[in-house]
Each structure stands twice: as C-alpha cells, then as structure tokens.
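Working notes, structure below.
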Amino acid sequence: MGLAKSSLGEDEEIVLEFHPHWSTLVGTIFWAVVTVAVAVAAIVFIPGGSAQTVIRLIIAAVAVVAILVVGLIPFLRWVTTSYTLTNRRFVLRHGILSRSGRDIPLTRVNDVSFEHNLIQRMLGTGTLIVESGGEHGQLVLKNIPRVEYTQNQLYRIVEELTDGDGVKP
C-alpha cells in the first residue's frame with residue numbers, strides 16, 4: 001500500500017517505507033476481544049425458551065457488527081496508512097475507500113524533531129514533528145515506529161540536499 005515505484009521521480013529512491021506503529025491497534029484488539037467475550041457470555045447464559053435461538057442470533061449479529069466497527073475499520077485504516085521517505089520527499093497516504101495524501105519536498109523542510117515518553121521508548125514508537133515552509137507548516141505524525149531512526153534519516157537527507165550550509169539549491 002506504500003508508494004508505487006512508478007510514482008517515483010527520476011533519480012528518486014525509497015529510503016524508508018512504513019505504517020503507523022502496531023501499538024495503535026492495541027485498543028482495537030482489546031475492544032474486539034471484549035466484544036467477543038461479552039457476546040459469548042450472553043449467548044451461553046440465555047435462558048431456555050422458544051425465543052432462545054432468535055435472541056442468540058440477534059446477539060451474534062450485533063457482535064459481528066460491533067467487531068466490524070471496533071476491529072476491522074481501525075485495522076483497515078492502519079493498513080492503508082503509509083509513510084514513505086525518499087531521497088527527495090516525504091510522502092503520506094491514507095484512506096480506506098477514498099485516498100488522500102501529502103507530499104513534502106525535503107528541500108522545504110526546516111526542522112525535524114521527535115518526542116516519546118517512557119512507554120513509547122520501550123515500544124519503539126513516538127511522535128515525529130516535521131516543520132516545513134508553506135501554508136501547512138507543521139506536520140505532527142503520531143505512533144511512528146523507530147521514530148529516532150526515522151528522524152535521523154530524514155534529517156540526514158535534508159542536510160545532504162542543503163549541502164549542510166543552510167542554503168537550499
């Protein structure tokens with residue numbers, strides 16, 4: 001789901017390509033498991049009677065819809081969100097049915113920084129902040145895997161493009 005090779009410019013190469021960190025799905029997985037547990041408990045403890053089968057089917061149908069909402073949609077959102085760093089630009093793409101994206105030419109990047117707390121450090125994730133010239137200015141990307149490495153790579157390429165002298169070609 002990342003950047004297609006055909007959409008790369010001349011002499012453009014992919015440096016990094018990734019999705020948001022897997023930890024973004026922890027809440028989704030938790031609520032999907034809770035939904036299944038509650039549905040199974042409700043189905044098992046339904047008292048006998050003529051409507052027992054109908055009630056079980058209704059509970060199962062509600063559970064399936066709930067799992068689709070709390071589980072499948074966030075998972076699809078995660079899968080269809082991609083970040084690609086090339087030697088020329090930083091590319092963001094997201095969307096399940098409709099897609100949108102943003103390309104930031106690295107020659108316009110003014111600053112690259114990251115933040116992560118203790119838990120994020122243990123999980124290997126964090127927030128990447130990219131400041132660029134233009135009308136959108138600051139880009140804050142949360143749950144970036146290997147955020148320090150990503151920040152270092154992005155900064156290194158920006159420095160190479162500016163030849164380290166602060167003057168952009």
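All residue names refer to the structure tokens as shown: chains lettered A, B, ... in order, residues numbered from 1 in each chain, ligands numbered from 1 in order.
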Exercise for the section: From the DSSP assignment of the backbone, select every residue of range 13-161 of chain A that is alpha helix (DSSP H), and format the answer as a PyMOL selection string. Expected result: chain A and resi 26-44+52-67+73-79+118-123+147-161
Practice task
One decimal, Å: what's the distance from CA of Ile58 in chain A over to CA of Gly71 in chain A, could you say?
Solution key: 19.2 Å
Practice task
For range 152-161 of chain A, work out the shell of residues within 12 Å, counting only C-alpha atoms and skipping chain neighbours fewer than 3 positions away, then give it as a ChimeraX atom specification.
Solution key: /A:13-17,84-91,104-114,128-132,146-149,164-169
Exercise for the section: Write out as a PyMOL selection string which residues come within 12 Å of Val33 in chain A when counting only C-alpha atoms, dropping same-chain ones fewer than 3 positions away. Expected result: chain A and resi 26-30+36-40+63-64+66-67+70-71
